[in-house]
Each structure stands twice: as structure tokens, then as C-alpha cells.
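For reference, entry_19.tsv (TSV, C-alpha atoms):
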chain	number	residue	atom	x	y	z
A	23	MET	CA	0.00	0.00	0.00
A	24	THR	CA	1.53	3.29	-1.10
A	25	GLY	CA	-0.95	5.81	0.30
A	26	HIS	CA	-0.09	8.01	3.30
A	27	SER	CA	-2.39	9.32	6.00
A	28	LEU	CA	-0.20	11.21	8.43
A	29	ASN	CA	-1.31	13.23	11.43
A	30	ARG	CA	2.31	14.18	12.04
A	31	ARG	CA	4.67	16.20	9.87
A	32	PRO	CA	6.12	13.89	7.19
A	33	GLY	CA	9.77	13.02	7.71
A	34	ILE	CA	12.67	11.85	5.62
A	35	LYS	CA	11.72	8.19	6.24
A	36	ASP	CA	8.30	8.81	4.71
A	37	VAL	CA	9.87	10.36	1.63
A	38	ALA	CA	12.28	7.43	1.28
A	39	ALA	CA	9.44	4.90	1.57
A	40	SER	CA	7.25	6.77	-0.92
A	41	ALA	CA	10.08	7.07	-3.48
A	42	GLY	CA	11.35	3.53	-2.88
A	43	VAL	CA	14.87	4.69	-2.07
A	44	SER	CA	17.14	4.84	0.94
A	45	ILE	CA	17.17	7.66	3.48
A	46	LYS	CA	20.72	8.43	2.35
A	47	THR	CA	19.49	8.96	-1.23
A	48	VAL	CA	16.78	11.36	-0.04
A	49	SER	CA	19.43	13.23	1.94
A	50	ARG	CA	21.60	13.53	-1.16
A	51	VAL	CA	18.69	14.99	-3.15
A	52	VAL	CA	17.76	17.40	-0.37
A	53	ASN	CA	21.37	18.55	-0.15
A	54	ALA	CA	21.55	18.95	-3.96
A	55	GLU	CA	24.42	16.48	-4.28
A	56	GLU	CA	25.32	15.39	-7.81
A	57	ALA	CA	25.68	11.63	-7.25
A	58	VAL	CA	22.01	10.77	-7.83
A	59	HIS	CA	20.57	9.34	-11.04
A	60	PRO	CA	18.20	11.88	-12.69
A	61	GLU	CA	15.23	9.46	-12.66
A	62	THR	CA	15.81	8.71	-8.97
A	63	ARG	CA	16.14	12.42	-8.20
A	64	ALA	CA	12.86	13.12	-10.01
A	65	ARG	CA	11.13	10.35	-8.01
A	66	VAL	CA	12.38	11.77	-4.71
A	67	ILE	CA	11.36	15.32	-5.66
A	68	GLN	CA	7.90	14.03	-6.59
A	69	ALA	CA	7.61	12.32	-3.19
A	70	ILE	CA	8.71	15.54	-1.44
A	71	GLN	CA	6.06	17.47	-3.33
A	72	THR	CA	3.28	14.91	-2.75
A	73	LEU	CA	3.96	14.56	0.97
A	74	GLY	CA	4.64	18.22	1.60
A	75	TYR	CA	7.94	17.31	3.24
A	76	VAL	CA	9.98	20.24	4.55
A	77	PRO	CA	13.50	19.49	5.87
A	78	ASN	CA	14.33	20.45	9.43
A	79	THR	CA	15.40	24.05	8.96
A	80	ALA	CA	17.10	24.51	12.31
A	81	ALA	CA	19.15	21.32	12.09
A	82	ARG	CA	20.21	21.94	8.50
A	83	SER	CA	21.11	25.59	9.05
A	84	LEU	CA	23.32	24.64	11.99
A	85	LYS	CA	25.04	22.05	9.81
A	86	SER	CA	25.37	23.93	6.53
A	87	GLY	CA	24.89	27.59	7.36
A	88	THR	CA	22.83	28.11	4.19
A	89	ASN	CA	19.71	29.39	5.95
A	90	GLY	CA	21.07	32.90	5.38
A	91	SER	CA	20.98	32.50	1.61
A	92	ILE	CA	18.47	33.54	-1.01
A	93	GLY	CA	18.03	31.72	-4.29
A	94	ILE	CA	17.76	33.34	-7.71
A	95	VAL	CA	16.55	31.54	-10.83
A	96	ILE	CA	16.78	33.50	-14.09
A	97	ASP	CA	16.74	32.64	-17.79
A	98	SER	CA	20.47	32.91	-18.36
A	99	LEU	CA	23.41	34.94	-17.10
A	100	ALA	CA	24.33	35.45	-20.76
A	101	ASP	CA	21.35	37.81	-21.03
A	102	PRO	CA	22.64	41.33	-20.19
A	103	PHE	CA	19.43	42.29	-18.38
A	104	PHE	CA	19.47	39.25	-16.09
A	105	ALA	CA	23.21	39.52	-15.45
A	106	ALA	CA	22.69	43.09	-14.22
A	107	LEU	CA	19.61	42.04	-12.23
A	108	VAL	CA	21.55	39.32	-10.39
A	109	SER	CA	24.32	41.80	-9.64
A	110	ALA	CA	21.81	44.26	-8.15
A	111	ILE	CA	20.14	41.59	-6.00
A	112	GLU	CA	23.48	40.25	-4.82
A	113	THR	CA	24.73	43.70	-3.81
A	114	ARG	CA	21.62	44.38	-1.75
A	115	ALA	CA	21.54	40.85	-0.29
A	116	LEU	CA	25.13	41.09	0.93
A	117	ALA	CA	24.30	44.41	2.61
A	118	GLU	CA	21.54	42.54	4.48
A	119	GLY	CA	23.94	39.77	5.54
A	120	LEU	CA	22.52	37.28	3.03
A	121	SER	CA	24.47	35.23	0.52
A	122	VAL	CA	23.12	34.40	-2.95
A	123	LEU	CA	22.74	31.15	-4.88
A	124	VAL	CA	22.14	31.62	-8.61
A	125	ALA	CA	20.69	29.08	-11.06
A	126	SER	CA	19.39	29.30	-14.61
A	127	SER	CA	16.26	27.79	-16.13
A	128	ASN	CA	17.39	28.12	-19.75
A	129	LEU	CA	13.69	28.83	-20.41
A	130	ASP	CA	12.88	25.16	-19.75
A	131	SER	CA	9.99	24.55	-17.32
A	132	ASP	CA	11.32	21.14	-16.22
A	133	ARG	CA	14.74	22.59	-15.50
A	134	GLU	CA	13.06	25.50	-13.70
A	135	ARG	CA	11.19	23.03	-11.47
A	136	GLU	CA	14.39	21.14	-10.65
A	137	GLN	CA	16.31	24.31	-9.85
A	138	LEU	CA	13.57	25.79	-7.66
A	139	LEU	CA	13.07	22.58	-5.69
A	140	SER	CA	16.82	22.23	-5.26
A	141	LEU	CA	16.91	25.70	-3.73
A	142	VAL	CA	13.88	25.43	-1.43
A	143	ALA	CA	14.07	21.74	-0.49
A	144	GLY	CA	17.78	21.12	-0.89
A	145	HIS	CA	19.60	24.28	0.08
A	146	GLN	CA	16.77	25.48	2.34
A	147	VAL	CA	17.17	29.07	1.19
A	148	ALA	CA	15.56	31.90	3.12
A	149	GLY	CA	13.69	33.09	0.04
A	150	VAL	CA	13.58	32.89	-3.76
A	151	ILE	CA	13.51	35.49	-6.51
A	152	PHE	CA	12.81	34.01	-9.94
A	153	ALA	CA	11.89	34.90	-13.51
A	154	PRO	CA	9.05	32.42	-14.10
A	155	VAL	CA	8.94	30.17	-17.15
A	156	ALA	CA	6.01	27.82	-16.49
A	157	ASP	CA	2.49	29.22	-16.12
A	158	GLU	CA	1.98	27.51	-12.76
A	159	HIS	CA	4.26	26.28	-9.94
A	160	PRO	CA	2.13	24.05	-7.66
A	161	TYR	CA	5.20	22.16	-6.43
A	162	LEU	CA	6.23	25.26	-4.47
A	163	ASP	CA	3.03	25.25	-2.41
A	164	PRO	CA	4.38	23.02	0.43
A	165	PHE	CA	7.22	25.51	1.00
A	166	ARG	CA	5.31	28.80	0.77
A	167	THR	CA	4.73	29.05	4.54
A	168	THR	CA	8.46	28.93	5.24
A	169	THR	CA	10.06	30.26	2.06
A	170	PRO	CA	8.83	33.55	0.51
A	171	VAL	CA	8.91	33.72	-3.28
A	172	VAL	CA	8.94	36.82	-5.51
A	173	ALA	CA	8.65	36.75	-9.31
A	174	VAL	CA	10.48	39.30	-11.46
A	175	ASP	CA	10.10	40.46	-15.06
A	176	ARG	CA	7.03	38.24	-15.68
A	177	SER	CA	3.86	38.15	-13.60
A	178	ARG	CA	2.36	34.93	-12.27
A	179	ALA	CA	-0.86	34.46	-10.32
A	180	GLY	CA	-0.31	33.68	-6.65
A	181	PHE	CA	3.10	35.38	-6.38
A	182	ASP	CA	4.25	38.87	-5.52
A	183	CYS	CA	5.64	40.14	-8.84
A	184	VAL	CA	8.03	42.98	-9.65
A	185	VAL	CA	7.61	44.07	-13.27
A	186	VAL	CA	7.59	47.09	-15.56
A	187	ASP	CA	4.82	48.43	-17.80
A	188	ASP	CA	6.01	46.70	-20.97
A	189	ARG	CA	3.08	47.84	-23.08
A	190	GLY	CA	3.07	51.47	-21.96
A	191	ALA	CA	6.85	51.87	-22.17
A	192	THR	CA	6.93	50.43	-25.69
A	193	ALA	CA	4.14	52.76	-26.77
A	194	LEU	CA	6.17	55.73	-25.50
A	195	ALA	CA	9.19	54.65	-27.58
A	196	VAL	CA	7.25	53.94	-30.78
A	197	GLN	CA	5.31	57.21	-30.43
A	198	GLN	CA	8.66	59.02	-30.33
A	199	LEU	CA	9.54	57.50	-33.72
A	200	VAL	CA	6.12	58.25	-35.20
A	201	GLU	CA	6.43	61.91	-34.20
A	202	LEU	CA	9.69	62.04	-36.16
A	203	GLY	CA	7.80	61.06	-39.31
A	204	HIS	CA	8.55	57.33	-39.35
A	205	GLU	CA	5.80	55.21	-40.86
A	206	ARG	CA	7.82	52.04	-41.47
A	207	ILE	CA	8.90	51.01	-37.96
A	208	ALA	CA	10.29	47.49	-37.53
A	209	PHE	CA	9.53	45.47	-34.39
A	210	PHE	CA	12.87	43.71	-34.03
A	211	ASP	CA	12.83	40.25	-32.38
A	212	ARG	CA	9.35	39.07	-31.51
A	213	ASP	CA	10.46	36.05	-29.46
A	214	GLU	CA	7.35	33.91	-28.96
A	215	ARG	CA	8.60	32.46	-25.66
A	216	PHE	CA	8.13	35.64	-23.62
A	217	SER	CA	4.89	37.17	-22.35
A	218	THR	CA	6.83	40.44	-21.93
A	219	ILE	CA	7.48	40.55	-25.68
A	220	HIS	CA	3.79	39.94	-26.41
A	221	ARG	CA	2.91	42.95	-24.23
A	222	ARG	CA	5.55	45.07	-25.97
A	223	LEU	CA	4.10	44.08	-29.34
A	224	ASP	CA	0.70	45.20	-28.05
A	225	GLY	CA	2.21	48.61	-27.24
A	226	TYR	CA	3.68	48.81	-30.74
A	227	LEU	CA	0.29	47.99	-32.29
A	228	ASP	CA	-1.46	50.52	-30.04
A	229	VAL	CA	0.61	53.36	-31.49
A	230	LEU	CA	0.20	52.24	-35.11
A	231	ARG	CA	-3.56	52.06	-34.59
A	232	ASP	CA	-3.78	55.47	-32.93
A	233	ALA	CA	-1.59	57.05	-35.63
A	234	GLY	CA	-3.65	55.52	-38.45
A	235	LEU	CA	-0.66	53.55	-39.71
A	236	PRO	CA	-1.18	50.11	-41.26
A	237	TYR	CA	0.25	47.01	-39.67
A	238	ASP	CA	2.68	45.20	-41.97
A	239	PRO	CA	3.74	41.72	-40.78
A	240	GLU	CA	6.90	42.02	-42.87
A	241	LEU	CA	8.13	44.61	-40.37
A	242	VAL	CA	7.92	42.16	-37.44
A	243	SER	CA	10.94	39.89	-36.93
A	244	SER	CA	9.61	36.71	-35.32
A	245	THR	CA	11.29	33.69	-33.79
A	246	VAL	CA	10.07	30.81	-31.64
A	247	ASP	CA	13.43	29.77	-30.23
A	248	GLY	CA	15.53	32.92	-29.87
A	249	SER	CA	17.69	32.05	-32.88
A	250	LEU	CA	17.20	35.22	-34.93
A	251	ASP	CA	20.14	36.05	-37.22
A	252	TYR	CA	20.39	39.75	-36.40
A	253	LEU	CA	22.55	40.75	-39.36
A	254	SER	CA	20.47	38.93	-41.97
A	255	GLU	CA	17.24	40.20	-40.43
A	256	ALA	CA	18.43	43.82	-40.39
A	257	GLN	CA	19.44	43.50	-44.04
A	258	ARG	CA	16.06	41.99	-44.91
A	259	LEU	CA	14.13	44.82	-43.24
A	260	LEU	CA	16.27	47.49	-44.89
A	261	GLY	CA	15.98	45.76	-48.25
A	262	LEU	CA	12.19	45.56	-48.43
A	263	GLU	CA	10.41	47.25	-51.35
A	264	ARG	CA	9.22	49.75	-48.74
A	265	PRO	CA	12.08	49.44	-46.25
A	266	ALA	CA	12.02	50.04	-42.54
A	267	THR	CA	13.17	53.54	-41.66
A	268	ALA	CA	13.28	52.94	-37.89
A	269	PHE	CA	13.67	50.02	-35.49
A	270	PHE	CA	12.26	49.16	-32.10
A	271	ALA	CA	14.48	46.46	-30.55
A	272	SER	CA	12.31	44.45	-28.15
A	273	ASN	CA	15.04	43.54	-25.63
A	274	ALA	CA	18.65	44.33	-24.75
A	275	LYS	CA	20.09	41.25	-26.44
A	276	ALA	CA	18.31	42.11	-29.69
A	277	ALA	CA	19.47	45.71	-29.35
A	278	ILE	CA	23.10	44.63	-29.13
A	279	GLY	CA	22.66	42.40	-32.19
A	280	LEU	CA	20.89	45.12	-34.17
A	281	THR	CA	23.40	47.81	-33.24
A	282	THR	CA	26.27	45.56	-34.29
A	283	ALA	CA	24.52	44.77	-37.58
A	284	LEU	CA	23.80	48.42	-38.41
A	285	HIS	CA	27.41	49.41	-37.76
A	286	ARG	CA	28.70	46.48	-39.80
A	287	ILE	CA	26.67	47.51	-42.87
A	288	HIS	CA	27.38	51.22	-42.29
A	289	ARG	CA	23.77	52.09	-41.49
A	290	GLN	CA	24.33	53.44	-37.99
A	291	ASN	CA	22.42	56.58	-38.97
A	292	THR	CA	19.20	54.52	-38.91
A	293	ALA	CA	16.72	55.46	-36.18
A	294	MET	CA	16.34	52.92	-33.37
A	295	ILE	CA	15.14	52.65	-29.80
A	296	ALA	CA	15.84	49.62	-27.59
A	297	PHE	CA	13.83	48.16	-24.75
A	298	GLY	CA	16.54	47.88	-22.11
A	299	ASP	CA	19.96	49.46	-21.77
A	300	PHE	CA	23.29	47.73	-22.37
A	301	ALA	CA	26.98	48.39	-21.81
A	302	PHE	CA	28.52	51.13	-23.99
A	303	ALA	CA	25.14	52.07	-25.51
A	304	ASP	CA	25.78	55.65	-24.41
A	305	VAL	CA	29.28	55.92	-25.91
A	306	LEU	CA	28.45	54.73	-29.43
A	307	ARG	CA	27.90	57.30	-32.17
A	308	PRO	CA	25.05	57.88	-32.26
A	309	GLY	CA	24.27	56.81	-28.73
A	310	VAL	CA	21.58	54.14	-28.55
A	311	SER	CA	18.30	55.53	-27.22
A	312	CYS	CA	16.44	53.13	-24.96
A	313	ILE	CA	13.65	52.41	-22.54
A	314	ASP	CA	15.61	52.28	-19.30
A	315	GLN	CA	14.32	49.10	-17.65
A	316	ASP	CA	16.64	49.60	-14.71
A	317	PRO	CA	17.65	46.16	-13.35
A	318	PHE	CA	18.94	47.79	-10.16
A	319	LEU	CA	15.53	49.29	-9.39
A	320	ILE	CA	13.86	45.97	-10.17
A	321	GLY	CA	16.38	43.96	-8.15
A	322	ASN	CA	16.09	46.25	-5.14
A	323	ALA	CA	12.30	46.23	-5.29
A	324	ALA	CA	12.30	42.42	-5.47
A	325	ILE	CA	14.56	41.95	-2.47
A	326	GLU	CA	12.66	44.61	-0.52
A	327	ARG	CA	9.49	42.61	-1.06
A	328	LEU	CA	11.24	39.36	-0.18
A	329	LEU	CA	12.49	40.82	3.11
A	330	ALA	CA	9.02	42.16	3.89
A	331	LEU	CA	7.48	38.73	3.29
A	332	ARG	CA	10.01	37.16	5.66
A	333	GLU	CA	9.23	39.61	8.45
A	334	GLY	CA	5.59	40.52	8.03
A	335	PRO	CA	2.18	38.93	7.52
A	336	LYS	CA	1.56	37.20	4.21
A	337	ASN	CA	-0.96	39.52	2.54
A	338	ASP	CA	-2.57	38.76	-0.81
A	339	PRO	CA	0.10	38.71	-3.53
A	340	ARG	CA	0.25	41.82	-5.68
A	341	GLU	CA	2.05	43.21	-8.71
A	342	TRP	CA	4.66	45.90	-8.12
A	343	ILE	CA	5.36	48.07	-11.18
A	344	VAL	CA	8.80	49.68	-11.35
A	345	PRO	CA	8.92	52.91	-13.40
A	346	THR	CA	10.87	53.15	-16.64
A	347	ALA	CA	12.22	56.14	-18.55
A	348	LEU	CA	12.89	56.92	-22.21
A	349	LEU	CA	16.57	57.86	-22.56
A	350	LEU	CA	17.22	59.77	-25.78
A	351	ARG	CA	20.88	59.58	-26.78
A	352	GLY	CA	20.86	60.16	-30.52
A	353	SER	CA	19.52	57.10	-32.35
A	354	GLY	CA	15.98	57.78	-31.17
A	355	GLU	CA	16.02	61.35	-32.49
A	356	ILE	CA	16.86	60.56	-36.13
A	357	PRO	CA	13.95	61.72	-38.33
A	358	ALA	CA	12.45	59.79	-41.20
A	359	PRO	CA	14.30	60.37	-44.49
A	360	PRO	CA	12.61	63.04	-46.65
A	361	ASP	CA	12.02	60.57	-49.49
A	362	ALA	CA	10.14	58.07	-47.30
A	363	THR	CA	6.93	57.29	-49.14
A	364	SER	CA	3.58	57.95	-47.50
A	365	HIS	CA	1.90	54.83	-46.25
A	366	ALA	CA	-0.68	52.87	-48.22
A	367	HIS	CA	-3.05	50.58	-46.38
A	368	ILE	CA	-2.08	46.93	-46.33
A	369	SER	CA	-4.86	44.35	-46.18
A	370	THR	CA	-3.74	42.50	-43.09
A	371	THR	CA	-5.58	42.04	-39.81
A	372	GLU	CA	-4.07	42.93	-36.46
A	373	GLY	CA	-5.88	39.93	-35.02
A	374	GLN	CA	-3.06	37.74	-36.32
A	375	LEU	CA	-0.78	39.20	-33.65
A	376	ALA	CA	-3.17	39.99	-30.85
Would you mind writing the file's structure down as C-alpha cells?
Amino acid sequence: MTGHSLNRRPGIKDVAASAGVSIKTVSRVVNAEEAVHPETRARVIQAIQTLGYVPNTAARSLKSGTNGSIGIVIDSLADPFFAALVSAIETRALAEGLSVLVASSNLDSDREREQLLSLVAGHQVAGVIFAPVADEHPYLDPFRTTTPVVAVDRSRAGFDCVVVDDRGATALAVQQLVELGHERIAFFDRDERFSTIHRRLDGYLDVLRDAGLPYDPELVSSTVDGSLDYLSEAQRLLGLERPATAFFASNAKAAIGLTTALHRIHRQNTAMIAFGDFAFADVLRPGVSCIDQDPFLIGNAAIERLLALREGPKNDPREWIVPTALLLRGSGEIPAPPDATSHAHISTTEGQLA
């Protein structure tokens, strides 16, 4: 019989029995040791989740000293935004006497689950800040009473979330280009994996609609796996029969790729605004204008909320919106070329992208 009806708090023996492994194996999983077969690890994690097992915090913190740590799970440290976000969180955490454990999800929901459970069940962190990938995270429920969790960049129901107004900030940037006479504005890098990008596309469409400009799908660079060839795509957009005269780069990584491409083909005088800042954007000529999605403001707001959740009552989760600013450095002030043709309506429906 495999069912469990426990009036007491489940212990490590219960997890071992449920998973069909030894207590030592459960201990290795809880302590995030490498020497466990992936299938066995998954079985133990499933048993932990099903039983609602929470390791003995006091005993483990005395042994390992990791109770003063917070966990961070982000997409990838290769992303300039998330690298800066981790740096901001770490700086503030150290000032509070907390160390930081960083893991990446690589935008994989299974890997996200493994990393989060390793942090809360294995390392017994004092709290978690994460950029959510999956739509739901029910496996965290057994730990929510002891381990506060804050989501960043992307909102998720049931969690305190620290985000920016992606739609409104994008609209501000695209409106700037429209006011300079641009009618052929490219939306550069519509990565299907991110809800933030979908909201930014909505902001782009809002401005086109309000300005009476037609939506042309040829001006939207789409990818489903983040593998956009920035140079080829920039050349395609500039080589259209009615070419793009301005670019909105949807994220910092795309902005770096686009900037590099425009300089390589000697088109750096092309108008562009990026969502997110990046290193040396202000020293290029022209400087790259951007929506300043300040990772230090976001990181500090996230850890502030995490500390509040540790100390205070657990109120209903809410969304915290960090302000952004449009930084004009040169590339966002380049007007449309005088020979840009006036728009003609294109028979395409916006519903395709809504």
C-alpha cells in the first residue's frame, strides 16, 4: 500500500518509503548532491512534493549555514538584463547579511522546477527570486509558509511580482519614432517564448492604430526559439520594397545584435530605440536611445518585497510596477528620411498578432 495518511509532519523516512529509495538517497537529493541518477532524483522530488515534506530548517542551518541565503533563478546569465539584475540583487543581499545562490532555467519549465526545488528543499534558502517560465508552480506550495517567493520580469498568479509596464513603455518609444515622421517602424525580435514581448508588441500595435498607420507583418521579426540572425534580419528589413526607416528592438540582447549589424553595414544613422539598456550604448555614435528598464531598481524592489514577506504577515500577492524612462541619446532622435513614401493601407488584420 503506497498511500499516506499522516497526522504528524512527514519526515525523511516517509519520503524514502514513498520514493522507494534509501534515506541516504533522499538526503543527497535534499542537499543537492550530484551523485544521484536523474530518474531517482525526479522520483524523490515528486515524493517531497506529494507529501509536503519540509526538511528540518534549524538542524540543516546549523550544519550547513545556508539558511542565510536567497536563491535566484533567471533565464540565463548570458542575457545582459538578467546579469545586471543578479548583480543588483546580490549587492543588496550582501548588505543585508545574506548570501546568494544563482541558477538558470534556460527557459525550460522542467529545469526551472528542478532548480527551484533544489533551492527550497535542498539548500533550504531563506527566500527565492525568480523569472518564471512555467504558467503555474504548484510544487512550491508546500514551501510557501516557510520560504517567501517573488517573481520578477514576468507576472504569475499567486506570487508577488516585480515588473515594468512593458506595453506602456513600448508605446512611448514607438510614439517618439512616429512623431519624427517614421511610418515604417520594424519590431525587431518578436520572441514567442516571452509574455513580456507579447505585451511590448501590443504597445507597438497601439501606437500604429492610434496614428492611423497600417500594420505590416513584414516589419515584425519573429522567432520561436531565440535564434534570430540579427545581421540577416536587419538587411532583410532594410531591403524591403518599402524598407524600414526605424527600429524598435524588443530587448537588450536584440538591441546589441541590431546595433552591431547596423554598424557592420554602415547604417548606424538609422533610427532605433531599444527596450533595455546595455553596456557602452551611451558611448556609441550615435548613442543608442532606450527604454531604461533599470535592473537595479527591479532587483532592489524584489529583495525589498522578499524581506518584507520574511518579516511581516503574508498579505494577498500583488504586482509591483517599477517605473521606466525613455533615454534619448541620438539614435531615437533621427527623423524619417525626406524621401520616405507615404503609407498605403495593407490588407492584413491585427488579429493575427493579438
| task | Skip His159 of chain A itself and residues of its chain fewer than 2 positions away, then list as a list in words all residues within 12 Å of it, counting all atoms listed in the file. | result | Gln71, Ser131, Asp132, Glu134, Arg135, Glu136, Leu138, Leu139, Phe152, Pro154, Val155, Ala156, Asp157, Tyr161, Leu162, Asp163, Pro164, Phe165, Arg166, Val171, Ala173, Arg178, Ala179, Gly180 and Phe181 of chain A
| field | Shortest interatomic distance to Ile34 of chain A - which of A:Ile67, A:Asp251, A:Leu280, A:Glu61, counting all atoms listed in the file | value |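 Closest candidate: A:Ile67.
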| task | Would you mind reading off the distance between atom CA of Asp36 of chain A and atom CA of Val150 of chain A, one decimal, in Å? | result |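 Computed distance, atom CA of Asp36 of chain A to atom CA of Val150 of chain A, equals 26.1 Å.
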| Who sits within 10 Å of Asp213 of chain A, all atoms listed in the file, same chain under 6 positions skipped, as JSON, numbers by chain | {"A": [219, 220, 243, 244, 245, 246, 247, 248, 249, 250, 272, 273, 276]}
Once you have the residues from the selection above, write them out as a compact mmCIF listing (two decimals), in the coordinates of the input, restricted to C-alpha atoms.
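Done, and the output landed in out_20.txt:
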# COMPACT_ATOMS: atom_id res chain seq x y z
CA ILE A 219 7.48 40.55 -25.68
CA HIS A 220 3.79 39.94 -26.41
CA SER A 243 10.94 39.89 -36.93
CA SER A 244 9.61 36.71 -35.32
CA THR A 245 11.29 33.69 -33.79
CA VAL A 246 10.07 30.81 -31.64
CA ASP A 247 13.43 29.77 -30.23
CA GLY A 248 15.53 32.92 -29.87
CA SER A 249 17.69 32.05 -32.88
CA LEU A 250 17.20 35.22 -34.93
CA SER A 272 12.31 44.45 -28.15
CA ASN A 273 15.04 43.54 -25.63
CA ALA A 276 18.31 42.11 -29.69
| request: Please indicate the distance in Å from atom CA of Gly225 of chain A to atom CA of Val310 of chain A, rounded to one decimal place. | output: 20.2 Å
| Mind pulling up the distance from atom CA of Arg307 of chain A to atom CA of Pro102 of chain A? |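 Computing it gives 20.6 Å between the two atoms.
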| So which residues touch Glu341 of chain A within 10 Å, counting all atoms listed in the file, skipping near sequence neighbours fewer than 2 positions away, as an MDAnalysis selection string? | chainID A and resid 172:174 176:179 181:186 339 343:344
| request: Write out as a list in words which residues come within 10 Å of segment 345-347 of chain A when counting all atoms listed in the file, dropping same-chain ones fewer than 3 positions away. | output: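 Near neighbours after the sequence-gap exclusion: Val185, Val186, Asp187, Asp188, Gly190, Ala191, Leu194, Ala195, Phe297, Gly298, Cys312, Ile313, Asp314, Gln315, Asp316, Leu319, Ile320, Trp342 and Leu350 of chain A.
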| task | For each of A:Ile94, A:Val66, A:Val51, A:Leu260, take the minimum atom-to-atom distance to Ile325 of chain A, counting all atoms listed in the file, then give the residue where this is smallest. | result | A:Ile94
Tell me which protein, DNA and RNA residues are within 10 Å of Lys35 of chain A, counting only C-alpha atoms, leaving out same-chain ones fewer than 4 positions away, and put them as a PDB file with C-alpha atoms, keeping the file's coordinate frame.
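Contents of around10.pdb, as written:
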ATOM      1  CA  ALA A  39       9.440   4.900   1.570  1.00  0.00           C
ATOM      2  CA  SER A  40       7.250   6.770  -0.920  1.00  0.00           C
ATOM      3  CA  ALA A  41      10.080   7.070  -3.480  1.00  0.00           C
ATOM      4  CA  VAL A  43      14.870   4.690  -2.070  1.00  0.00           C
ATOM      5  CA  SER A  44      17.140   4.840   0.940  1.00  0.00           C
ATOM      6  CA  ILE A  45      17.170   7.660   3.480  1.00  0.00           C
ATOM      7  CA  LYS A  46      20.720   8.430   2.350  1.00  0.00           C
ATOM      8  CA  VAL A  48      16.780  11.360  -0.040  1.00  0.00           C
TER       9      VAL A  48
END
| message | When you count all atoms listed in the file, which of these residues is closest to Gln197 of chain A: A:Phe104, A:Tyr226, A:Phe210, A:Phe318? | response | A:Tyr226
| Hey, can you pull every residue with an atom no more than 12 Å from (17.3, 44.1, -43.4), using only C-alpha atoms, and send it as JSON, numbers by chain? | {"A": [208, 209, 210, 240, 241, 242, 243, 251, 252, 253, 254, 255, 256, 257, 258, 259, 260, 261, 262, 263, 264, 265, 266, 267, 268, 269, 280, 283, 284, 287, 289, 292]}
